[in-house]
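Colleague: Pasting in a structure now, in C-alpha cells, and then I'll have a few things to ask.
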Amino acid sequence: MPKKRSRKEREERPRRQSGRFVRIIFDPVFWVALALLALAVAVGLDRTGVVEWMELTWSRVVVTFGWGMVIAVVALLVVIGVFWRRNAGVFIRQWNRWLGAAAILTAVWGGLSLFRPLSGPLGFVGYGGSIGRDILSVGASSLALEVLWLAGLVLVGAIFISPDAVYRGFKWLGVRIWGGVRALWRRSRRPSPKPVVVVAQTVEPGMPVREAPAPPEPVPSSPPEPRPVIAERVVQEKVAAEKKKGLDRYKPTLTVGGWQLPPMDILDKATEIELSHADIEKRARVIEEALASYGVEVKVAEKNIGPTVTQFGIEPGWDYKYKEIKEKDKDGRVTVKMVEAGKTRVKVERITGLANDLALALAAPSIRIEAPIPGKSLVGIEVPNTTFGTVALRGTIESAPYQKLKARSKLAVALGRGPGGEVVVGDLARMPHLLIAGATGSGKTACLNSTIACLLMHNTPDEVRFVMLDPKRVELVAYNALPHLVAPVVVEPDKAIAALRWLVLEMDRRYKQFAESGARNIEGYNKDRPTAELMPYLVLVVDELADLMMHAMDEVEHSLVRLAQLARATGIHLIVATQRPSVDVITGLIKANFPTRISFAVTSQVDSRTILDAVGAEKLLGRGDMLYMPTDAAKPKRLQGSYVGDAEIDRLVYFWGNQKRPGTLPIIFDEARPSATETGIPDDPLLDQARELCEKHGQVSASYLQRKLAIGYPRAARIAEILREEKRQAEGEDDGPLSAG
C-alpha cells in the first residue's frame, strides 16, 4: 500500500519540478545541443544552401573579429564560468580589476590590427578585424598616435589592476633617470685636464748645454703642532660615505680652548634586531588565556617592544556578581533565573600573585609585573624576548632626547632604552650623585664605561676632569692616557683614601673661591669668565666600593658622605659602583646621600631592598638589564643599558691622548694628607696606649690593637692608620712597616 504523502510534501513537489525546468532552460549545454540538432536538420533538408550560408557567415565573422575572436571567446567563457559557479558578487567586489583587464584586452585587440597579412580577407583590416581597426581609429590616424593610444589603454588597465605597483615602477624609473641626468651634468661641469706639452731641445755639436736648475732647499721651519688623529681602526668606508652626504657632524669639532671634540664616527652603530610580530601576538593570547584559566578576566591593551623585554599593558576586567530570582509560571512550576547584581574591577593583587604561573605558561625564565604602569591605568607584564638586542651608545647619543638635554647641560648621560624602545637620559648635575650595584657580570662596568664615554664625547679637559679609583686594577686603567684625568688611575687602597682626602680639600678650596667672588655655585662662578679661568667639573668614579670599605671603613664613609652632602654646588659629582650591596658596604649614611641609584641583577631580595628599597632586581636578566631609580620617581624604571665596546673605548682614548699637552703635571695625592683636625676626625683617647705598643713591639696590626685595647675593628683600623701616618712622616718614606690587616 503506497505511503500517504503529507500536505507539505504535496505542495513542495510542483515547486521542485518547476525549479528543475528553469535550470534546464538556462543551461548553456541544452542550447548548444539544441543548435546542433537544428543544424543537422537543416543540412539534411538543404545541404548545399546551408554550406554556402555557413561559409559566408564564417567569412563575415572572421573579417569582423579577426584573431580577436579568441579574446572574445575566452572572455565569454570566463564570464559564463563565474555565473555558472554563482559567484556574480565577484564583479562587484573586484570591479577595478575587471575594468583593468577589459582595457588591456581592448589594447591587445587593437594592437593586432597594426599587423596585416599579405592576402586573405584580413589583408585590409589586419589581424584584429574591423573591430580592432575601429579601436585604433578612436585614437588617431597616424601610426605614432595609434601606438600612444594603445599604450595609454595598457597604462589605464594597469592602474585599475594594481595602482601601488604602477606607482613604485614610475618612482624607480624617475629616480634612475634623475640620477643619470645629474651624473651627466656633473661630468659636463668637471674641468678637463690641461695637456702637458713636452718640448724637446736639439743639441748640436759645440753648443753649450744648460743644466736644469736644482730644486730649492726647504727652509727649516718650526715643527707643526700635534694634531689629533683618529685611530686607524675607524672604518674608512663609513667616513667616505658620510662625507659624500655632507654630514659635517661626523668631523671633529674645534673648541675655543684649542681642543677638538671626537667625531661621532668613533662609536659603532649597532645592528637592529627585528622581533616577530606573530610571536608577540601569540604571547599576548597566552597571557589572556592563562589568566582566564584562573578566573581573572584581562585584556592586552598595548604591547611595548623593547631591546630585551616586551611590556604587555594589561587592562583588568570585571568580576560580576549574580543573584537568584525565583519565578512561577502559569502551571505553578518554580523557575530560577540568574540576574546580574553588580560588577567590580579585578584586583591588581590577583594578577601580581600569578607571576610564577604566567612565567610557566610563557616558558620564560622570569617575568616582572609593574602595577600600575606610571601614568596609565594598566598593569605592565614584562616578558623577556627570545632574542636580546644591544643598545649602542651611538644610537642613544644621536637620539632627540639626549641632544635636547645636552643643549642645556654639560653632564648629560645616555642611560639606555626602556621597555618600549624609548631613550632614557639623565643629567649628572641634577642627580647629583649616582650609586650603582649589581652582581658580577651583570653590566656594572659597562654602565660606568658608557657614562664616562658620554662625558668624553662632548666635554674638553677644561670643562670636565676625572678622578678614577680602581682597586680591582683591570677596569679603569684603560683611561690612563686621557688628558681629563687629574692624576693617573688610582689602584692602591692607601692612595685611594688620599684621593678622597684631596677631593674634600678641593671642595673646601672651591667654597672659599665662591665666597671671595660672591658666587653661589659653579654655574655662577663660570658665568662670563674666559676659558682659561673656568672651573672644571670634577667627577669621582669608584669601581669597587667594597674593597675600600674593607680597607678603611670609617674614613672612606666619612669622606664620601661629606662629599655627597656638600660637593654638589662646587661641581664635584660622585659615581660609585659595588658588586656587594650589603648594609656594611652601602651604609645608611651613604644610601641617604645618594638619591639616584641603578641596580643590575642581584642574587637576593635582600640586596635589592638594600639598593632600591624594593624587590625586583633579583628578577633581572643580566647583560645590561637594570632598574633605574631617579630622584623624582616613586618607582624604579626598567632599562636596557647603553653598551660601548672595548674597541670604541680604545679609539676614544687614542683620540684624546693625541691631544695631551706637555707640561701638565698630575696631582700627587700623597702630598695632600690633612691632619686629624683638618679632616674633622678627633684624636682617639687610646692613641697614646697604641703608640706605646708600637714602640714596644715595633710593628702592630689592626687585629693586634683590637685584642690588646678591647675595641672594635673599625676603631683599631683607624688607630693603625694614624700610627702608619706618623711612622711615614718620621722616617720620610712612602711605606711603613705597619699593616692595617
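Lettering and numbering for the C-alpha cells are positional, with chains as A, B, ... in the shown order, residues counted from 1 in each chain, and ligands counted from 1 in the shown order.
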Could you make a table, as CSV, of the residues of region 458-499 of chain A that have an atom within 10 Å of an atom of region 259-262 of chain A, each with its nearest atom pair and distance in Å to one decimal, counting only C-alpha atoms, in chain and number order?
Modeller:
```
residue,atom,partner,partner_atom,distance
A:His458,CA,A:Leu261,CA,6.4
A:Asn459,CA,A:Leu261,CA,7.2
A:Thr460,CA,A:Trp259,CA,6.6
A:Pro461,CA,A:Trp259,CA,8.3
A:Asp462,CA,A:Trp259,CA,8.9
```
Colleague: Could you write out the selected residues, including C-alpha atoms, as a PDB file, in the first residue's frame?
Modeller:
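Output file selection-v4.pdb is given in full below:
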```
ATOM      1  CA  HIS A 458      81.110  66.376  24.449  1.00  0.00           C
ATOM      2  CA  ASN A 459      83.470  67.838  27.065  1.00  0.00           C
ATOM      3  CA  THR A 460      87.083  69.004  26.935  1.00  0.00           C
ATOM      4  CA  PRO A 461      89.585  68.804  29.823  1.00  0.00           C
ATOM      5  CA  ASP A 462      88.847  72.475  30.505  1.00  0.00           C
TER       6      ASP A 462
END
```
Colleague: So that I can see what lies close to Lys472 (chain A), please list as a list in words the residues with an atom at most 8 Å from it, counting only C-alpha atoms and leaving out residues fewer than 2 positions away in the same chain.
Modeller: Asp470, Val474, Glu475, Val491, Asp543 and Glu544 of chain A
Colleague: Could you pull the residues within 6 Å of region 644-648 of chain A, counting only C-alpha atoms, minus those fewer than 6 positions along the same chain, as a list in words?
Modeller: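 Counting only C-alpha atoms, the residues come to Leu267, Leu393 and Ser450 of chain A.
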Colleague: Just the residues within 12 Å of Ala552 (chain A), please, counting only C-alpha atoms, with nothing from its chain fewer than 2 positions along; format it as an MDAnalysis selection string.
Modeller: chainID A and resid 493:498 500 545:550 554:559 585 702 713:722 739:741
Colleague: Using Å and a single decimal, report how far CA of His484 (chain A) sits from CA of Arg529 (chain A).
Modeller: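 Separating CA of Arg529 (chain A) from CA of His484 (chain A) is a distance of 20.4 Å.
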Colleague: For CA of Ala341 (chain A) and CA of Leu354 (chain A), determine how far apart the two atoms are, in Å to one decimal place.
Modeller: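 Pair CA of Ala341 (chain A) / CA of Leu354 (chain A) returns 27.5 Å.
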Colleague: Interatomic distance between CA of Glu398 (chain A) and CA of Val423 (chain A)?
Modeller: 10.2 Å
Colleague: List the spatial neighbours of region 366-380 of chain A as a PyMOL selection string - criterion: any atom at most 10 Å away, only C-alpha atoms, same-chain residues fewer than 4 positions off excluded.
Modeller: chain A and resi 298-304+309-316+348-349+351-356+358-360+362+384+616-621+633-638
Colleague: Residues of the last selection are to be written out with C-alpha atoms, as a CSV table (one decimal), in the first residue's frame.
Modeller:
```
chain,number,residue,atom,x,y,z
A,298,VAL,CA,42.0,40.7,31.4
A,299,LYS,CA,42.7,42.2,28.0
A,300,VAL,CA,46.1,43.1,26.4
A,301,ALA,CA,45.6,46.8,25.6
A,302,GLU,CA,49.1,47.6,24.3
A,303,LYS,CA,52.4,46.0,23.5
A,304,ASN,CA,55.7,47.9,24.0
A,309,VAL,CA,61.9,42.7,27.3
A,310,THR,CA,58.4,43.3,25.9
A,311,GLN,CA,56.0,45.0,28.1
A,312,PHE,CA,52.4,43.9,27.8
A,313,GLY,CA,49.9,46.5,29.1
A,314,ILE,CA,47.1,44.5,30.8
A,315,GLU,CA,43.7,46.1,31.3
A,316,PRO,CA,41.9,44.4,34.2
A,348,VAL,CA,45.7,44.0,41.0
A,349,GLU,CA,46.8,41.7,43.7
A,351,ILE,CA,47.3,39.5,38.8
A,352,THR,CA,50.6,40.0,40.6
A,353,GLY,CA,50.0,36.8,42.6
A,354,LEU,CA,50.0,34.8,39.4
A,355,ALA,CA,53.5,35.9,38.3
A,356,ASN,CA,55.0,32.4,38.6
A,358,LEU,CA,52.4,33.3,33.9
A,359,ALA,CA,56.2,32.5,33.7
A,360,LEU,CA,55.3,28.8,33.4
A,362,LEU,CA,55.1,31.7,28.7
A,384,PRO,CA,62.0,38.6,28.2
A,616,GLY,CA,62.6,43.3,41.7
A,617,ALA,CA,66.3,43.5,41.0
A,618,GLU,CA,66.7,39.8,41.7
A,619,LYS,CA,64.5,39.0,38.6
A,620,LEU,CA,66.6,41.0,36.1
A,621,LEU,CA,68.2,39.1,33.2
A,633,ALA,CA,60.3,58.9,40.6
A,634,ALA,CA,58.4,56.8,43.1
A,635,LYS,CA,59.2,53.5,41.4
A,636,PRO,CA,62.3,52.3,39.6
A,637,LYS,CA,62.1,52.0,35.8
A,638,ARG,CA,63.4,49.1,33.8
```
Colleague: For each of A:Met457, A:Leu173, A:Ala499, A:Met431, take the minimum atom-to-atom distance to Asn593 (chain A), counting only C-alpha atoms, then give the residue where this is smallest.
Modeller: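 Distance minimum relative to Asn593 (chain A) lands on A:Met431.
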Colleague: Which residues come within 10 Å of Pro401 (chain A), counting only C-alpha atoms, excluding same-chain residues fewer than 2 positions away, as a PDB file with N, CA and C atoms, in the first residue's frame?
Modeller:
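Printed below is around_18.pdb as written:
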```
ATOM      1  N   THR A 396      71.865  56.048  21.181  1.00  0.00           N
ATOM      2  CA  THR A 396      71.242  56.852  22.240  1.00  0.00           C
ATOM      3  C   THR A 396      71.761  58.282  22.228  1.00  0.00           C
ATOM      4  N   ILE A 397      73.036  58.480  21.872  1.00  0.00           N
ATOM      5  CA  ILE A 397      73.574  59.843  21.809  1.00  0.00           C
ATOM      6  C   ILE A 397      72.952  60.616  20.658  1.00  0.00           C
ATOM      7  N   GLU A 398      72.691  59.956  19.528  1.00  0.00           N
ATOM      8  CA  GLU A 398      72.110  60.641  18.378  1.00  0.00           C
ATOM      9  C   GLU A 398      70.607  60.856  18.509  1.00  0.00           C
ATOM     10  N   SER A 399      69.985  60.352  19.549  1.00  0.00           N
ATOM     11  CA  SER A 399      68.538  60.491  19.708  1.00  0.00           C
ATOM     12  C   SER A 399      68.172  61.917  20.096  1.00  0.00           C
ATOM     13  N   GLN A 403      70.048  64.839  22.679  1.00  0.00           N
ATOM     14  CA  GLN A 403      70.500  66.105  22.098  1.00  0.00           C
ATOM     15  C   GLN A 403      69.821  67.300  22.765  1.00  0.00           C
ATOM     16  N   LYS A 404      68.560  67.126  23.132  1.00  0.00           N
ATOM     17  CA  LYS A 404      67.850  68.208  23.815  1.00  0.00           C
ATOM     18  C   LYS A 404      68.427  68.456  25.198  1.00  0.00           C
ATOM     19  N   LEU A 405      68.779  67.386  25.921  1.00  0.00           N
ATOM     20  CA  LEU A 405      69.372  67.553  27.246  1.00  0.00           C
ATOM     21  C   LEU A 405      70.794  68.089  27.157  1.00  0.00           C
ATOM     22  N   LYS A 406      71.554  67.667  26.156  1.00  0.00           N
ATOM     23  CA  LYS A 406      72.938  68.122  26.016  1.00  0.00           C
ATOM     24  C   LYS A 406      73.020  69.610  25.718  1.00  0.00           C
ATOM     25  N   ALA A 414      73.605  59.271  28.611  1.00  0.00           N
ATOM     26  CA  ALA A 414      72.659  58.395  27.917  1.00  0.00           C
ATOM     27  C   ALA A 414      72.632  57.062  28.646  1.00  0.00           C
ATOM     28  N   GLU A 422      62.020  53.485  24.068  1.00  0.00           N
ATOM     29  CA  GLU A 422      62.266  54.909  24.221  1.00  0.00           C
ATOM     30  C   GLU A 422      63.612  55.145  24.901  1.00  0.00           C
ATOM     31  N   VAL A 423      64.280  56.226  24.495  1.00  0.00           N
ATOM     32  CA  VAL A 423      65.593  56.564  25.039  1.00  0.00           C
ATOM     33  C   VAL A 423      65.409  57.249  26.394  1.00  0.00           C
ATOM     34  N   VAL A 424      66.187  56.796  27.387  1.00  0.00           N
ATOM     35  CA  VAL A 424      66.152  57.368  28.734  1.00  0.00           C
ATOM     36  C   VAL A 424      67.509  58.023  28.993  1.00  0.00           C
ATOM     37  N   VAL A 425      67.498  59.299  29.351  1.00  0.00           N
ATOM     38  CA  VAL A 425      68.722  60.054  29.603  1.00  0.00           C
ATOM     39  C   VAL A 425      68.668  60.619  31.011  1.00  0.00           C
ATOM     40  N   GLY A 426      69.814  61.045  31.509  1.00  0.00           N
ATOM     41  CA  GLY A 426      69.903  61.621  32.840  1.00  0.00           C
ATOM     42  C   GLY A 426      70.928  62.735  32.862  1.00  0.00           C
TER      43      GLY A 426
END
```
Colleague: Could you pull out the residues in region 472-695 of chain A that DSSP calls strand (DSSP E or B) from the backbone, as a ChimeraX atom specification?
Modeller: /A:485,490,537-542,572-578,596-599,625-629,637-641,643
Colleague: Could the residues in this selection be written to a file with N, CA, C and O atoms, as a short mmCIF file (atom, residue, chain, number, x, y, z; two decimals), in the first residue's frame?
Modeller:
```
data_model
loop_
_atom_site.label_atom_id
_atom_site.label_comp_id
_atom_site.auth_asym_id
_atom_site.auth_seq_id
_atom_site.Cartn_x
_atom_site.Cartn_y
_atom_site.Cartn_z
N LEU A 485 92.21 63.39 33.11
CA LEU A 485 92.47 62.85 34.44
C LEU A 485 93.24 63.86 35.28
O LEU A 485 94.23 64.45 34.83
N VAL A 490 93.96 55.53 40.14
CA VAL A 490 94.46 55.08 41.43
C VAL A 490 94.04 53.63 41.64
O VAL A 490 92.85 53.30 41.55
N TYR A 537 84.31 70.87 36.07
CA TYR A 537 83.59 69.91 36.89
C TYR A 537 84.54 68.77 37.27
O TYR A 537 85.45 68.41 36.49
N LEU A 538 84.34 68.20 38.42
CA LEU A 538 85.13 67.06 38.88
C LEU A 538 84.20 65.87 39.08
O LEU A 538 83.20 65.98 39.78
N VAL A 539 84.53 64.76 38.46
CA VAL A 539 83.71 63.54 38.55
C VAL A 539 84.57 62.46 39.18
O VAL A 539 85.61 62.08 38.61
N LEU A 540 84.15 61.97 40.34
CA LEU A 540 84.84 60.86 41.01
C LEU A 540 84.17 59.56 40.59
O LEU A 540 82.96 59.38 40.74
N VAL A 541 84.96 58.63 40.05
CA VAL A 541 84.47 57.33 39.61
C VAL A 541 85.14 56.26 40.46
O VAL A 541 86.37 56.13 40.46
N VAL A 542 84.35 55.52 41.22
CA VAL A 542 84.84 54.43 42.07
C VAL A 542 84.26 53.13 41.53
O VAL A 542 83.04 52.96 41.48
N ILE A 572 81.45 68.97 41.99
CA ILE A 572 82.05 67.66 42.23
C ILE A 572 80.92 66.64 42.34
O ILE A 572 80.02 66.80 43.17
N HIS A 573 80.96 65.63 41.51
CA HIS A 573 79.90 64.62 41.47
C HIS A 573 80.53 63.24 41.60
O HIS A 573 81.65 63.00 41.11
N LEU A 574 79.81 62.34 42.22
CA LEU A 574 80.32 61.01 42.54
C LEU A 574 79.55 59.94 41.76
O LEU A 574 78.33 59.99 41.68
N ILE A 575 80.29 58.98 41.22
CA ILE A 575 79.71 57.78 40.60
C ILE A 575 80.38 56.59 41.27
O ILE A 575 81.57 56.33 41.05
N VAL A 576 79.64 55.89 42.11
CA VAL A 576 80.20 54.82 42.94
C VAL A 576 79.52 53.51 42.55
O VAL A 576 78.28 53.45 42.46
N ALA A 577 80.32 52.47 42.34
CA ALA A 577 79.79 51.16 41.95
C ALA A 577 80.32 50.11 42.91
O ALA A 577 81.45 50.21 43.41
N THR A 578 79.50 49.09 43.16
CA THR A 578 79.90 47.98 44.01
C THR A 578 79.17 46.73 43.57
O THR A 578 78.06 46.79 43.03
N THR A 596 69.99 58.99 43.62
CA THR A 596 69.85 58.35 42.31
C THR A 596 70.62 57.03 42.33
O THR A 596 71.82 57.01 42.61
N ARG A 597 69.93 55.95 42.01
CA ARG A 597 70.55 54.63 42.11
C ARG A 597 70.20 53.79 40.89
O ARG A 597 69.13 53.95 40.29
N ILE A 598 71.11 52.91 40.56
CA ILE A 598 70.93 51.95 39.47
C ILE A 598 71.27 50.57 40.01
O ILE A 598 72.33 50.39 40.62
N SER A 599 70.37 49.63 39.81
CA SER A 599 70.60 48.26 40.26
C SER A 599 70.55 47.33 39.06
O SER A 599 69.58 47.31 38.31
N ASP A 625 70.61 44.59 31.73
CA ASP A 625 69.23 44.79 32.17
C ASP A 625 69.25 45.39 33.58
O ASP A 625 69.81 44.79 34.50
N MET A 626 68.63 46.56 33.76
CA MET A 626 68.79 47.27 35.03
C MET A 626 67.50 47.97 35.41
O MET A 626 66.58 48.14 34.60
N LEU A 627 67.45 48.38 36.70
CA LEU A 627 66.37 49.20 37.25
C LEU A 627 66.96 50.54 37.63
O LEU A 627 67.93 50.61 38.40
N TYR A 628 66.37 51.61 37.10
CA TYR A 628 66.88 52.97 37.31
C TYR A 628 65.91 53.72 38.20
O TYR A 628 64.72 53.83 37.90
N MET A 629 66.44 54.22 39.32
CA MET A 629 65.63 54.97 40.29
C MET A 629 66.12 56.41 40.32
O MET A 629 67.09 56.74 40.99
N LYS A 637 62.48 52.29 37.16
CA LYS A 637 62.11 52.03 35.77
C LYS A 637 63.11 51.05 35.17
O LYS A 637 64.32 51.18 35.37
N ARG A 638 62.58 50.10 34.42
CA ARG A 638 63.43 49.07 33.82
C ARG A 638 64.03 49.58 32.51
O ARG A 638 63.31 50.13 31.66
N LEU A 639 65.33 49.38 32.34
CA LEU A 639 66.03 49.84 31.15
C LEU A 639 66.98 48.74 30.66
O LEU A 639 67.35 47.84 31.42
N GLN A 640 67.35 48.86 29.41
CA GLN A 640 68.48 48.12 28.86
C GLN A 640 69.61 49.11 28.67
O GLN A 640 69.51 50.03 27.87
N GLY A 641 70.67 48.97 29.45
CA GLY A 641 71.73 49.97 29.49
C GLY A 641 72.47 50.09 28.17
O GLY A 641 72.58 49.15 27.39
N TYR A 643 75.61 50.31 25.71
CA TYR A 643 76.82 49.49 25.67
C TYR A 643 77.85 50.15 24.77
O TYR A 643 77.53 50.59 23.66
#
```
